$ cat structure-v1.txt   # compact mmCIF, C-alpha atoms
# COMPACT_ATOMS: atom_id res chain seq x y z
CA MET R 18 25.26 3.87 1.30
CA GLN R 19 23.39 3.49 4.52
CA GLN R 20 20.00 2.18 3.61
CA THR R 21 16.82 3.21 5.30
CA GLN R 22 16.18 1.05 8.30
CA THR R 23 14.33 -1.99 7.11
CA VAL R 24 11.19 -3.31 8.69
CA GLN R 25 13.12 -6.48 9.20
CA ASP R 26 15.35 -4.76 11.71
CA GLU R 27 12.42 -3.77 13.79
CA VAL R 28 10.64 -7.05 13.81
CA GLN R 29 12.08 -9.73 15.96
CA SER R 30 11.50 -13.06 14.31
CA SER R 31 10.46 -15.81 16.62
CA ALA R 32 11.26 -19.33 15.56
CA PRO R 33 8.02 -20.74 14.16
CA ALA R 34 6.87 -23.93 15.83
CA PRO R 35 6.08 -26.80 13.49
CA ARG R 36 2.64 -26.92 11.86
CA LEU R 37 2.13 -23.19 12.10
CA GLY R 38 0.34 -21.66 9.15
CA ARG R 39 1.99 -19.18 6.83
CA ALA R 40 1.40 -15.48 7.38
CA ILE R 41 1.67 -13.67 4.05
CA VAL R 42 1.29 -9.93 3.68
CA LEU R 43 0.05 -8.57 0.34
CA THR R 44 1.52 -5.16 -0.22
CA SER R 45 2.45 -2.70 -2.95
CA GLY R 46 3.22 0.74 -1.58
CA LYS R 47 0.99 2.41 -4.15
CA GLY R 48 -2.76 2.36 -3.72
CA GLY R 49 -5.23 1.11 -6.27
CA VAL R 50 -3.11 -1.62 -7.81
CA GLY R 51 -5.33 -4.47 -6.64
CA LYS R 52 -4.06 -5.62 -3.25
CA THR R 53 -7.54 -6.22 -1.87
CA THR R 54 -8.82 -7.93 -5.01
CA THR R 55 -5.76 -10.16 -5.09
CA THR R 56 -6.10 -11.00 -1.39
CA ALA R 57 -9.75 -11.96 -1.85
CA ASN R 58 -9.08 -14.07 -4.93
CA LEU R 59 -5.94 -15.76 -3.65
CA GLY R 60 -7.71 -16.54 -0.37
CA THR R 61 -10.71 -17.94 -2.23
CA ALA R 62 -8.48 -20.10 -4.42
CA LEU R 63 -6.43 -21.38 -1.47
CA ALA R 64 -9.60 -22.25 0.44
CA HIS R 65 -10.89 -24.06 -2.64
CA ARG R 66 -7.79 -26.25 -2.39
CA GLY R 67 -8.94 -27.29 1.05
CA ALA R 68 -6.64 -25.06 3.07
CA ARG R 69 -7.92 -23.21 6.13
CA VAL R 70 -7.55 -19.55 5.25
CA VAL R 71 -8.11 -16.32 7.16
CA LEU R 72 -7.99 -12.95 5.42
CA VAL R 73 -7.03 -10.06 7.66
CA ASP R 74 -7.96 -6.59 6.47
CA ALA R 75 -5.20 -4.42 7.90
CA ASP R 76 -6.42 -1.30 6.13
CA VAL R 77 -7.82 0.21 9.31
CA GLY R 78 -10.13 3.13 8.56
CA LEU R 79 -10.78 2.04 4.97
CA ARG R 80 -12.44 -1.35 5.23
CA ASN R 81 -12.78 -2.88 1.75
CA LEU R 82 -12.03 -6.56 1.84
CA ASP R 83 -15.50 -7.35 3.20
CA ILE R 84 -17.02 -5.67 0.13
CA VAL R 85 -14.93 -7.60 -2.35
CA LEU R 86 -15.88 -10.85 -0.60
CA GLY R 87 -19.55 -9.87 -0.36
CA LEU R 88 -19.46 -10.12 3.43
CA GLU R 89 -20.13 -6.50 4.37
CA SER R 90 -23.52 -7.22 5.94
CA ARG R 91 -22.10 -9.99 8.12
CA VAL R 92 -19.31 -8.03 9.76
CA LYS R 93 -20.21 -7.41 13.39
CA HIS R 94 -16.81 -6.96 14.97
CA HIS R 95 -13.42 -5.97 13.67
CA LEU R 96 -9.69 -6.20 14.08
CA LEU R 97 -9.45 -3.53 16.77
CA ASP R 98 -12.26 -5.14 18.78
CA VAL R 99 -10.05 -8.21 18.95
CA LEU R 100 -6.78 -6.37 19.56
CA GLU R 101 -8.37 -4.33 22.34
CA GLU R 102 -10.00 -7.45 23.77
CA ARG R 103 -13.61 -6.38 23.52
CA VAL R 104 -14.55 -9.58 21.74
CA SER R 105 -12.94 -12.95 21.22
CA LEU R 106 -11.32 -13.91 17.97
CA ASP R 107 -14.11 -16.40 17.28
CA GLU R 108 -16.73 -13.71 17.60
CA ALA R 109 -14.95 -11.48 15.14
CA LEU R 110 -14.12 -14.02 12.43
CA VAL R 111 -16.68 -13.85 9.61
CA PRO R 112 -17.17 -17.14 7.72
CA GLY R 113 -16.92 -16.89 3.93
CA LYS R 114 -20.01 -17.21 1.77
CA HIS R 115 -18.75 -19.89 -0.54
CA SER R 116 -16.28 -21.85 1.49
CA GLU R 117 -16.30 -23.31 4.96
CA SER R 118 -12.57 -22.94 5.30
CA LEU R 119 -12.35 -19.21 4.48
CA PHE R 120 -12.71 -16.53 7.16
CA LEU R 121 -12.43 -12.77 7.25
CA LEU R 122 -11.20 -10.54 10.02
CA ALA R 123 -12.46 -7.13 8.97
CA ALA R 124 -10.71 -3.82 9.53
CA ALA R 125 -12.25 -1.19 11.78
CA GLN R 126 -13.92 1.43 9.65
CA SER R 127 -14.19 4.28 12.14
CA ARG R 128 -10.72 4.07 13.60
CA GLU R 129 -7.26 5.07 12.44
CA LYS R 130 -4.20 3.11 11.47
CA ASP R 131 -2.23 4.59 14.35
CA ASP R 132 -4.68 3.03 16.80
CA VAL R 133 -3.21 -0.39 16.10
CA ASP R 134 -0.70 -1.64 18.63
CA THR R 135 2.13 -3.29 16.70
CA ALA R 136 2.98 -5.83 19.38
CA LYS R 137 -0.64 -6.86 19.76
CA MET R 138 -1.00 -7.17 16.00
CA LYS R 139 2.01 -9.45 15.93
CA ALA R 140 0.59 -11.58 18.70
CA LEU R 141 -2.76 -11.82 16.91
CA ILE R 142 -1.16 -13.00 13.66
CA SER R 143 0.79 -15.57 15.65
CA SER R 144 -2.35 -16.96 17.20
CA LEU R 145 -4.06 -17.02 13.79
CA ARG R 146 -1.16 -19.04 12.44
CA GLU R 147 -1.92 -21.70 15.02
CA ARG R 148 -5.44 -22.09 13.68
CA PHE R 149 -5.10 -21.52 9.94
CA ASP R 150 -2.89 -22.80 7.14
CA TYR R 151 -2.76 -19.37 5.56
CA VAL R 152 -3.09 -15.94 7.13
CA LEU R 153 -3.30 -13.43 4.26
CA ILE R 154 -2.86 -9.85 5.40
CA ASP R 155 -4.24 -7.12 3.13
CA CYS R 156 -1.85 -4.23 3.69
CA PRO R 157 -2.91 -0.58 3.38
CA ALA R 158 -1.24 1.63 0.79
CA GLY R 159 1.69 3.68 1.99
CA ILE R 160 4.80 2.86 3.96
CA GLU R 161 3.86 4.38 7.28
CA LEU R 162 2.64 2.81 10.49
CA GLY R 163 -0.26 1.03 8.76
CA PHE R 164 2.23 -0.77 6.54
CA ARG R 165 4.50 -1.57 9.46
CA ASN R 166 1.65 -3.00 11.48
CA ALA R 167 0.47 -5.10 8.54
CA VAL R 168 3.89 -6.64 7.97
CA ALA R 169 4.72 -6.99 11.67
CA GLY R 170 3.33 -10.49 12.07
CA ALA R 171 3.97 -11.74 8.54
CA ASP R 172 6.82 -13.96 7.55
CA GLU R 173 6.34 -13.76 3.79
CA ALA R 174 5.29 -11.07 1.34
CA ILE R 175 3.54 -10.98 -1.99
CA VAL R 176 3.96 -7.66 -3.74
CA ILE R 177 1.37 -6.51 -6.24
CA CYS R 178 2.49 -4.32 -9.11
CA THR R 179 0.75 -2.93 -12.17
CA PRO R 180 2.74 -2.22 -15.34
CA GLU R 181 3.10 1.48 -14.60
CA VAL R 182 6.10 3.61 -13.76
CA ALA R 183 4.70 4.81 -10.42
CA ALA R 184 3.65 1.33 -9.29
CA VAL R 185 7.02 -0.22 -10.13
CA ARG R 186 8.83 2.57 -8.35
CA ASP R 187 6.72 2.10 -5.23
CA VAL R 188 7.15 -1.68 -5.24
CA ASP R 189 10.89 -1.16 -5.55
CA ARG R 190 10.75 1.02 -2.45
CA VAL R 191 8.58 -1.39 -0.50
CA VAL R 192 10.83 -4.33 -1.34
CA GLY R 193 13.76 -2.28 -0.08
CA LEU R 194 11.90 -1.65 3.17
CA LEU R 195 10.91 -5.29 3.58
CA GLY R 196 14.46 -6.56 3.45
CA ASN R 197 15.23 -10.19 2.83
CA ARG R 198 13.28 -11.86 5.57
CA PHE R 199 9.95 -11.73 3.75
CA ARG R 200 11.22 -13.34 0.53
CA PRO R 201 8.87 -11.19 -1.55
CA GLN R 202 7.22 -12.72 -4.58
CA LEU R 203 5.59 -10.76 -7.37
CA VAL R 204 2.10 -10.66 -8.84
CA ILE R 205 1.74 -8.37 -11.84
CA ASN R 206 -1.83 -7.12 -12.01
CA ARG R 207 -3.89 -5.34 -14.65
CA LEU R 208 -1.74 -6.28 -17.60
CA ARG R 209 -3.26 -5.56 -20.99
CA PRO R 210 -1.55 -7.89 -23.45
CA ASN R 211 -2.83 -6.04 -26.49
CA LEU R 212 -1.28 -2.79 -25.25
CA VAL R 213 1.98 -4.55 -24.46
CA LYS R 214 1.98 -5.97 -27.95
CA LYS R 215 1.53 -2.50 -29.38
CA GLY R 216 4.37 -1.15 -27.28
CA LYS R 217 2.02 0.99 -25.24
CA MET R 218 2.43 -0.72 -21.89
CA LEU R 219 5.37 -2.02 -19.90
CA SER R 220 5.68 -5.77 -20.40
CA VAL R 221 6.13 -8.41 -17.70
CA GLU R 222 9.78 -8.59 -18.72
CA ASP R 223 10.17 -4.80 -18.48
CA VAL R 224 8.73 -4.77 -14.97
CA ASN R 225 10.71 -7.69 -13.69
CA ALA R 226 13.94 -6.59 -15.34
CA ILE R 227 13.76 -3.88 -12.70
CA LEU R 228 12.22 -5.64 -9.74
CA ARG R 229 13.91 -9.03 -10.24
CA LEU R 230 11.52 -10.91 -8.01
CA PRO R 231 10.23 -14.47 -8.24
CA LEU R 232 7.09 -14.16 -10.36
CA LEU R 233 3.98 -15.87 -8.98
CA GLY R 234 1.83 -14.90 -11.91
CA VAL R 235 0.28 -12.24 -14.08
CA ILE R 236 -3.38 -11.18 -14.02
CA ALA R 237 -4.96 -9.48 -17.00
CA ASP R 238 -6.95 -6.28 -16.74
CA GLU R 239 -10.37 -7.86 -17.25
CA PRO R 240 -13.81 -6.24 -17.13
CA GLU R 241 -14.86 -9.43 -15.32
CA ILE R 242 -12.93 -8.30 -12.25
CA ILE R 243 -15.06 -5.19 -12.01
CA VAL R 244 -18.26 -7.17 -12.46
CA THR R 245 -17.32 -9.70 -9.79
CA THR R 246 -16.29 -6.95 -7.39
CA ASN R 247 -19.66 -5.29 -7.97
CA ARG R 248 -21.32 -8.51 -6.98
CA GLY R 249 -18.99 -9.36 -4.10
CA GLU R 250 -18.07 -12.70 -5.62
CA PRO R 251 -14.35 -13.08 -6.32
CA LEU R 252 -13.54 -14.26 -9.83
CA ALA R 253 -11.57 -17.16 -8.37
CA LEU R 254 -14.95 -18.78 -7.69
CA ARG R 255 -15.21 -19.24 -11.44
CA LYS R 256 -12.29 -21.43 -12.25
CA GLU R 257 -13.51 -21.87 -15.83
CA THR R 258 -12.64 -18.25 -16.68
CA ALA R 259 -9.08 -17.46 -17.74
CA THR R 260 -8.55 -15.00 -14.89
CA GLY R 261 -10.22 -17.25 -12.33
CA ALA R 262 -7.90 -20.05 -13.43
CA ALA R 263 -4.95 -17.67 -13.17
CA TYR R 264 -5.74 -17.04 -9.49
CA HIS R 265 -5.93 -20.79 -8.91
CA ALA R 266 -2.53 -21.21 -10.59
CA ILE R 267 -1.09 -18.52 -8.33
CA ALA R 268 -2.60 -20.27 -5.31
CA ALA R 269 -1.05 -23.55 -6.44
CA ARG R 270 2.33 -21.86 -6.74
CA VAL R 271 1.95 -20.29 -3.31
CA ALA R 272 1.18 -23.77 -1.99
CA GLY R 273 4.44 -24.96 -3.49
CA GLU R 274 3.14 -26.78 -6.55
CA ASP R 275 5.35 -26.70 -9.60
CA VAL R 276 2.91 -25.20 -12.09
CA PRO R 277 3.78 -22.49 -14.62
CA ALA R 278 3.15 -18.87 -13.66
CA PRO R 279 -0.12 -17.80 -15.29
CA MET R 280 0.38 -15.38 -18.15
CA PRO R 281 -2.47 -13.68 -20.03
CA ALA R 282 -2.45 -14.64 -23.69
CA ALA R 283 -1.84 -11.92 -26.23
CA PRO R 284 -4.71 -11.54 -28.67
CA LYS R 285 -4.15 -12.83 -32.18
CA ALA R 286 -2.86 -10.25 -34.63
CA THR R 287 -5.53 -8.72 -36.78
CA ILE R 288 -5.11 -8.60 -40.53
CA LEU R 289 -4.38 -4.89 -40.28
CA GLU R 290 -1.64 -5.53 -37.72
CA ARG R 291 -0.11 -8.26 -39.88
CA VAL R 292 0.02 -5.86 -42.80
CA GLY R 293 1.52 -3.29 -40.44
CA SER R 294 4.25 -5.62 -39.29
CA LEU R 295 5.49 -5.74 -42.87
CA PHE R 296 6.34 -2.09 -42.57
CA GLY R 297 8.65 -2.29 -39.65
CA GLY R 298 9.20 -2.37 -35.94
CA ARG R 299 6.03 -2.41 -34.01
CA HIS R 300 7.86 -3.59 -30.94
CA ALA R 301 9.58 -0.48 -29.76
CA MET E 16 3.67 5.71 -49.52
CA ILE E 17 5.93 3.36 -47.59
CA ASP E 18 6.77 6.21 -45.26
CA PHE E 19 3.13 6.88 -44.68
CA LEU E 20 2.48 3.24 -43.85
CA LYS E 21 5.49 3.12 -41.58
CA ARG E 22 4.20 6.11 -39.72
CA LEU E 23 0.78 4.51 -39.51
CA PHE E 24 2.04 1.22 -38.12
CA GLY E 25 5.35 2.23 -36.64
CA PRO E 26 6.32 1.95 -33.00
CA SER E 27 4.30 4.20 -30.78
CA GLY E 28 6.97 3.91 -28.12
CA SER E 29 5.16 5.07 -25.02
CA SER E 30 6.23 1.90 -23.24
CA THR E 31 9.79 2.74 -24.20
CA THR E 32 9.33 6.17 -22.68
CA ALA E 33 7.91 4.55 -19.55
CA LYS E 34 10.88 2.19 -19.35
CA GLU E 35 13.39 5.00 -19.64
CA ARG E 36 11.62 7.19 -17.11
CA LEU E 37 11.42 4.29 -14.71
CA ARG E 38 15.11 3.53 -15.04
CA LEU E 39 16.07 7.10 -14.44
CA VAL E 40 13.76 7.60 -11.50
CA LEU E 41 15.02 4.43 -9.84
CA MET E 42 18.61 5.43 -10.37
CA THR E 43 17.91 8.68 -8.61
CA ASP E 44 15.94 6.90 -5.87
CA HIS E 45 18.79 4.48 -5.27
CA LEU E 46 21.39 7.20 -5.14
CA GLU E 47 19.50 8.64 -2.20
CA LEU E 48 21.28 11.94 -2.52
CA SER E 49 19.90 14.25 0.07
CA PRO E 50 19.77 17.98 -0.60
CA GLU E 51 22.35 18.41 2.17
CA LEU E 52 24.70 16.01 0.42
CA ILE E 53 24.29 17.80 -2.89
CA GLU E 54 25.00 21.09 -1.09
CA ALA E 55 28.15 19.62 0.43
CA MET E 56 29.34 18.31 -2.93
CA LYS E 57 28.69 21.71 -4.44
CA ARG E 58 30.76 23.38 -1.71
CA ASP E 59 33.66 20.99 -2.17
CA LEU E 60 33.61 21.40 -5.92
CA VAL E 61 33.71 25.15 -5.61
CA ASP E 62 36.53 25.04 -3.06
CA VAL E 63 38.70 23.00 -5.39
CA ILE E 64 37.98 25.08 -8.45
CA SER E 65 38.38 28.34 -6.54
CA ARG E 66 42.01 27.50 -5.92
CA HIS E 67 42.63 28.16 -9.58
CA VAL E 68 39.92 30.44 -10.85
CA GLU E 69 37.47 32.87 -9.38
CA VAL E 70 33.95 31.51 -9.63
CA ASP E 71 30.56 33.02 -9.02
CA ARG E 72 29.46 31.11 -5.93
CA ASP E 73 25.92 32.42 -6.02
CA LYS E 74 25.18 31.20 -9.52
CA ILE E 75 26.33 27.62 -9.28
CA GLU E 76 23.83 25.03 -10.40
CA VAL E 77 24.05 21.32 -9.85
CA ASN E 78 21.70 18.97 -11.66
CA PHE E 79 21.36 15.30 -12.37
CA GLU E 80 20.55 14.11 -15.80
CA ARG E 81 20.32 10.87 -17.66
CA GLN E 82 23.03 10.36 -20.24
CA ASP E 83 22.98 7.08 -22.14
CA SER E 84 23.01 4.40 -19.53
CA ALA E 85 24.47 6.49 -16.72
CA LEU E 86 23.28 9.26 -14.54
CA ALA E 87 25.38 12.37 -14.93
CA MET E 88 25.99 15.10 -12.43
CA LEU E 89 26.04 18.41 -14.24
CA ALA E 90 27.61 21.35 -12.48
CA ASN E 91 27.29 24.75 -14.02
CA ILE E 92 29.96 26.93 -12.47
CA PRO E 93 30.28 30.49 -13.84
CA ILE E 94 33.91 31.58 -13.85
CA LEU E 95 34.48 35.25 -13.16
CA SER E 96 38.18 35.36 -13.92
CA VAL E 97 41.11 33.09 -14.60
CA GLY E 98 43.95 33.24 -12.13
CA ARG E 99 43.60 33.85 -8.44
CA PRO E 100 40.84 36.19 -7.26
CA ASN E 101 41.55 39.96 -7.40
CA GLY E 102 41.79 39.92 -11.24
CA ASN E 103 39.46 41.92 -13.45
CA PRO E 104 36.36 39.96 -14.17
CA THR E 105 37.27 38.93 -17.69
CA LEU E 106 34.34 36.67 -18.23
CA VAL E 107 35.25 33.22 -19.40
CA PRO E 108 32.45 31.20 -20.97
CA ILE E 109 30.46 29.23 -18.47
CA GLU E 110 32.01 25.91 -17.91
CA THR E 111 30.30 22.63 -17.36
CA VAL E 112 31.72 19.89 -15.27
CA GLN E 113 30.31 16.54 -16.14
CA SER E 114 30.89 13.49 -14.08
CA PRO E 115 28.93 10.40 -14.91
CA ILE E 116 27.72 8.64 -11.84
CA VAL E 117 27.36 4.98 -12.48
CA ALA E 118 24.24 3.84 -10.77
CA ASN E 119 23.57 0.20 -11.02
CA GLY E 120 20.34 0.44 -12.97
CA SER E 121 20.06 -3.19 -13.93
CA ALA E 122 20.30 -4.50 -10.38
CA PRO E 123 18.40 -1.90 -8.41
CA ARG E 124 18.87 -3.23 -4.93
CA VAL E 125 22.61 -3.28 -5.15
CA ARG E 126 23.04 0.18 -3.72
CA LYS E 127 26.41 0.80 -5.09
CA ARG E 128 27.65 3.91 -6.71
CA ARG E 129 30.81 5.28 -7.94
CA LYS E 130 31.79 8.65 -9.11
CA ARG E 131 34.45 8.80 -11.71
CA ALA E 132 36.94 11.61 -11.82
CA ALA E 133 35.37 14.50 -13.58
CA LYS E 134 36.01 14.91 -17.24
CA LYS E 135 37.19 18.45 -17.66
CA THR E 136 38.22 20.59 -20.51
CA ALA E 137 39.08 23.81 -18.77
CA PRO E 138 42.70 24.87 -19.11
CA THR E 139 43.43 25.87 -15.55
CA SER E 140 41.26 23.91 -13.22
CA ALA E 141 41.99 20.62 -11.55
CA ALA E 142 39.56 17.75 -11.65
CA PRO E 143 37.69 17.44 -8.39
CA ALA E 144 38.81 14.48 -6.39
CA SER E 145 36.45 11.58 -6.63
CA ALA E 146 34.58 11.66 -3.40
CA ALA E 147 32.52 8.65 -2.57
CA ALA E 148 30.21 10.60 -0.35
CA GLN E 149 28.74 8.65 2.46

$ encode --input "structure-v1.txt" --output "structure tokens"
Amino acid sequence: MQQTQTVQDEVQSSAPAPRLGRAIVLTSGKGGVGKTTTTANLGTALAHRGARVVLVDADVGLRNLDIVLGLESRVKHHLLDVLEERVSLDEALVPGKHSESLFLLAAAQSREKDDVDTAKMKALISSLRERFDYVLIDCPAGIELGFRNAVAGADEAIVICTPEVAAVRDVDRVVGLLGNRFRPQLVINRLRPNLVKKGKMLSVEDVNAILRLPLLGVIADEPEIIVTTNRGEPLALRKETATGAAYHAIAARVAGEDVPAPMPAAPKATILERVGSLFGGRHA
Amino acid sequence: MIDFLKRLFGPSGSSTTAKERLRLVLMTDHLELSPELIEAMKRDLVDVISRHVEVDRDKIEVNFERQDSALAMLANIPILSVGRPNGNPTLVPIETVQSPIVANGSAPRVRKRRKRAAKKTAPTSAAPASAAAQ
């Protein structure tokens, strides 16, 4: 069966010169699964390791990454200002609040995704790779031009999936579009171990039995994430929390360290549940 | 009492439902059968069957349905009369052609599919040739 033309076919890969940083696109197809939150936290954790990191918000028209990072009041220029050469890259890069090695290139809020020139976007990511160890690109939802522009300059992909039928289906589609060049790795987001235990949510194994991707890690659905997003302070700043530590473990794995993929712990069985297990299959 | 407790604590199964729906939807996605292709398959099926029996071309239905681990193509082809056209419409019960399409559900990105020869019970009709539609 002739497969849909992959993005890979359209993007000419140029041989990376030594010492170039890694350009990683974070994508999912479906919206609302946590791409932006993951980008902010992974970037924060990588910067904490001492790496020079730039986060590129490629969601033109719906600028969010600045909010999650608490940088919204500091954004003066955006991606399209740079692409259309109104300002220099240095003028547009917003330094992070909590790290000297983290920078944000914000999306334009009052423009559209189609305004982005794919070739220029590719060139920009290339020049960012010369200055940073990691270029994390926060991809918009969808698989249209916005997606294509976001992946154009990347050479790796991290796909974010929640344990839901629609999200897994969309990731499956996106991975098909990406082709092999991006070597996609998986982050499962918003897992609720207690629901999995009760057979009310797809498990990590269920999701990856279908996607079959290298698993970077699993993030629990924690109220803390909402609180930290409200404040504009990514949870990865608090390494002492379980979820903060999970982002640091994912960052370590991205950096190539051989640490186990973080996995949210299932809560201990209550007495009622233990009694229940005597009466047969809870694990459907 | 035991029954009651079993019901109380038993598997709720909505994740199982999710798993099954996901598998089915991905099988269909990976088949990538366009409406045009389904139309063409329908036409070919009818042409073959029409050599032997008169069928009601306007009332043919083709659907895809999950059966066990495979995706099945279900064709509902009303037969107007047995023998070559011209006969009186002695209505024969509606016949169902079932041909399981093996979609590789466990390895989704291997876009491979096969169509086995149709399993048929009708006395006069020939099984449609297995057509690996491109």

$ residues_around --input "structure-v1.txt" --residues "E:Thr32" --least-positions-apart "3" --cutoff "12 Å" --atoms "only C-alpha atoms" --output "JSON, numbers by chain"
{"R": [181, 182, 216, 217, 218, 219, 223, 301], "E": [26, 27, 28, 29, 35, 36, 37, 38, 39]}

$ residues_around --input "structure-v1.txt" --residues "R:Arg66" --least-positions-apart "3" --cutoff "12 Å" --atoms "all atoms listed in the file" --output "ChimeraX atom specification"
/R:59-63,69-70,116-119,150-151,253-254,256,264-272,274

$ residues_around --input "structure-v1.txt" --residues "stretch 185-187 of chain R" --least-positions-apart "3" --cutoff "6 Å" --atoms "only C-alpha atoms" --output "list in words"
Gly46, Lys47, Val182 and Arg190 of chain R

$ residues_near_point --input "structure-v1.txt" --point "(-10.0, -12.4, 2.1)" --cutoff "12 Å" --atoms "all atoms listed in the file" --output "PyMOL selection string"
chain R and resi 41-43+52-64+69-75+80-89+110-116+118-124+151-156+249-251+253

$ atom_distance --input "structure-v1.txt" --atom1 "atom CA of R:Ile243" --atom2 "atom CA of R:Leu96"
26.7 Å

$ atom_distance --input "structure-v1.txt" --atom1 "atom CA of R:Glu173" --atom2 "atom CA of R:Lys139"
13.6 Å

$ atom_distance --input "structure-v1.txt" --atom1 "atom CA of R:Gln126" --atom2 "atom CA of R:Ala158"
15.5 Å

$ closest_residue --input "structure-v1.txt" --among "E:Val70, E:Asn91, E:Ser96, E:Val77" --to "E:Ala55" --atoms "all atoms listed in the file"
E:Val77

$ closest_residue --input "structure-v1.txt" --among "R:Ala125, R:Ala278, R:Leu195, R:Leu228" --to "chain E" --atoms "all atoms listed in the file"
R:Leu228

$ closest_residue --input "structure-v1.txt" --among "E:Glu51, E:Asp59, E:Asp44, E:Glu69" --to "chain R" --atoms "all atoms listed in the file"
E:Asp44

$ closest_residue --input "structure-v1.txt" --among "E:Leu41, E:Ile94, E:Leu48, E:Ile75" --to "chain R" --atoms "all atoms listed in the file"
E:Leu41

$ closest_residue --input "structure-v1.txt" --among "E:Asn78, E:Thr43, E:Asp71, E:Lys34" --to "chain R" --atoms "all atoms listed in the file"
E:Lys34

$ residues_around --input "structure-v1.txt" --residues "R:Ile142" --least-positions-apart "3" --cutoff "8 Å" --atoms "only C-alpha atoms" --output "ChimeraX atom specification"
/R:40,138-139,145-146,152,170-171

$ closest_residue --input "structure-v1.txt" --among "R:Arg36, R:Arg207, R:Arg165, R:Arg291" --to "R:Gly51" --atoms "only C-alpha atoms"
R:Arg207

$ decode --input "structure-v1.txt" --residues "stretch 22-66 of chain E" --atoms "C-alpha atoms" --output "PDB file, in the first residue's frame"
ATOM      1  CA  ARG E  22     -20.295  -7.540  40.775  1.00  0.00           C
ATOM      2  CA  LEU E  23     -19.187  -4.936  43.276  1.00  0.00           C
ATOM      3  CA  PHE E  24     -15.480  -5.555  42.779  1.00  0.00           C
ATOM      4  CA  GLY E  25     -15.425  -7.144  39.365  1.00  0.00           C
ATOM      5  CA  PRO E  26     -13.666  -5.779  36.319  1.00  0.00           C
ATOM      6  CA  SER E  27     -15.138  -2.540  35.111  1.00  0.00           C
ATOM      7  CA  GLY E  28     -13.526  -3.110  31.745  1.00  0.00           C
ATOM      8  CA  SER E  29     -13.648   0.334  30.201  1.00  0.00           C
ATOM      9  CA  SER E  30      -9.925   0.118  29.490  1.00  0.00           C
ATOM     10  CA  THR E  31     -10.609  -3.159  27.721  1.00  0.00           C
ATOM     11  CA  THR E  32     -13.237  -1.415  25.632  1.00  0.00           C
ATOM     12  CA  ALA E  33     -10.737   1.354  24.879  1.00  0.00           C
ATOM     13  CA  LYS E  34      -8.120  -1.195  23.844  1.00  0.00           C
ATOM     14  CA  GLU E  35     -10.489  -2.961  21.491  1.00  0.00           C
ATOM     15  CA  ARG E  36     -11.760   0.246  19.938  1.00  0.00           C
ATOM     16  CA  LEU E  37      -8.224   1.436  19.453  1.00  0.00           C
ATOM     17  CA  ARG E  38      -7.178  -1.780  17.765  1.00  0.00           C
ATOM     18  CA  LEU E  39     -10.101  -1.693  15.416  1.00  0.00           C
ATOM     19  CA  VAL E  40      -9.740   1.960  14.534  1.00  0.00           C
ATOM     20  CA  LEU E  41      -6.045   1.519  13.801  1.00  0.00           C
ATOM     21  CA  MET E  42      -6.700  -1.501  11.648  1.00  0.00           C
ATOM     22  CA  THR E  43      -9.104   0.549   9.602  1.00  0.00           C
ATOM     23  CA  ASP E  44      -6.679   3.500   9.518  1.00  0.00           C
ATOM     24  CA  HIS E  45      -3.871   1.280   8.292  1.00  0.00           C
ATOM     25  CA  LEU E  46      -5.986  -0.325   5.624  1.00  0.00           C
ATOM     26  CA  GLU E  47      -6.433   3.119   4.134  1.00  0.00           C
ATOM     27  CA  LEU E  48      -9.353   1.974   2.052  1.00  0.00           C
ATOM     28  CA  SER E  49     -10.660   4.935   0.179  1.00  0.00           C
ATOM     29  CA  PRO E  50     -14.348   5.153  -0.667  1.00  0.00           C
ATOM     30  CA  GLU E  51     -13.359   4.821  -4.335  1.00  0.00           C
ATOM     31  CA  LEU E  52     -11.527   1.587  -3.602  1.00  0.00           C
ATOM     32  CA  ILE E  53     -14.484   0.182  -1.692  1.00  0.00           C
ATOM     33  CA  GLU E  54     -16.723   1.151  -4.626  1.00  0.00           C
ATOM     34  CA  ALA E  55     -14.398  -0.630  -7.040  1.00  0.00           C
ATOM     35  CA  MET E  56     -14.320  -3.762  -4.880  1.00  0.00           C
ATOM     36  CA  LYS E  57     -18.093  -3.678  -4.710  1.00  0.00           C
ATOM     37  CA  ARG E  58     -18.326  -3.458  -8.505  1.00  0.00           C
ATOM     38  CA  ASP E  59     -15.937  -6.350  -9.017  1.00  0.00           C
ATOM     39  CA  LEU E  60     -17.748  -8.495  -6.490  1.00  0.00           C
ATOM     40  CA  VAL E  61     -21.052  -7.876  -8.181  1.00  0.00           C
ATOM     41  CA  ASP E  62     -19.625  -8.591 -11.624  1.00  0.00           C
ATOM     42  CA  VAL E  63     -18.366 -11.975 -10.516  1.00  0.00           C
ATOM     43  CA  ILE E  64     -21.522 -12.946  -8.704  1.00  0.00           C
ATOM     44  CA  SER E  65     -23.731 -11.676 -11.522  1.00  0.00           C
ATOM     45  CA  ARG E  66     -22.265 -14.293 -13.820  1.00  0.00           C
TER      46      ARG E  66
END
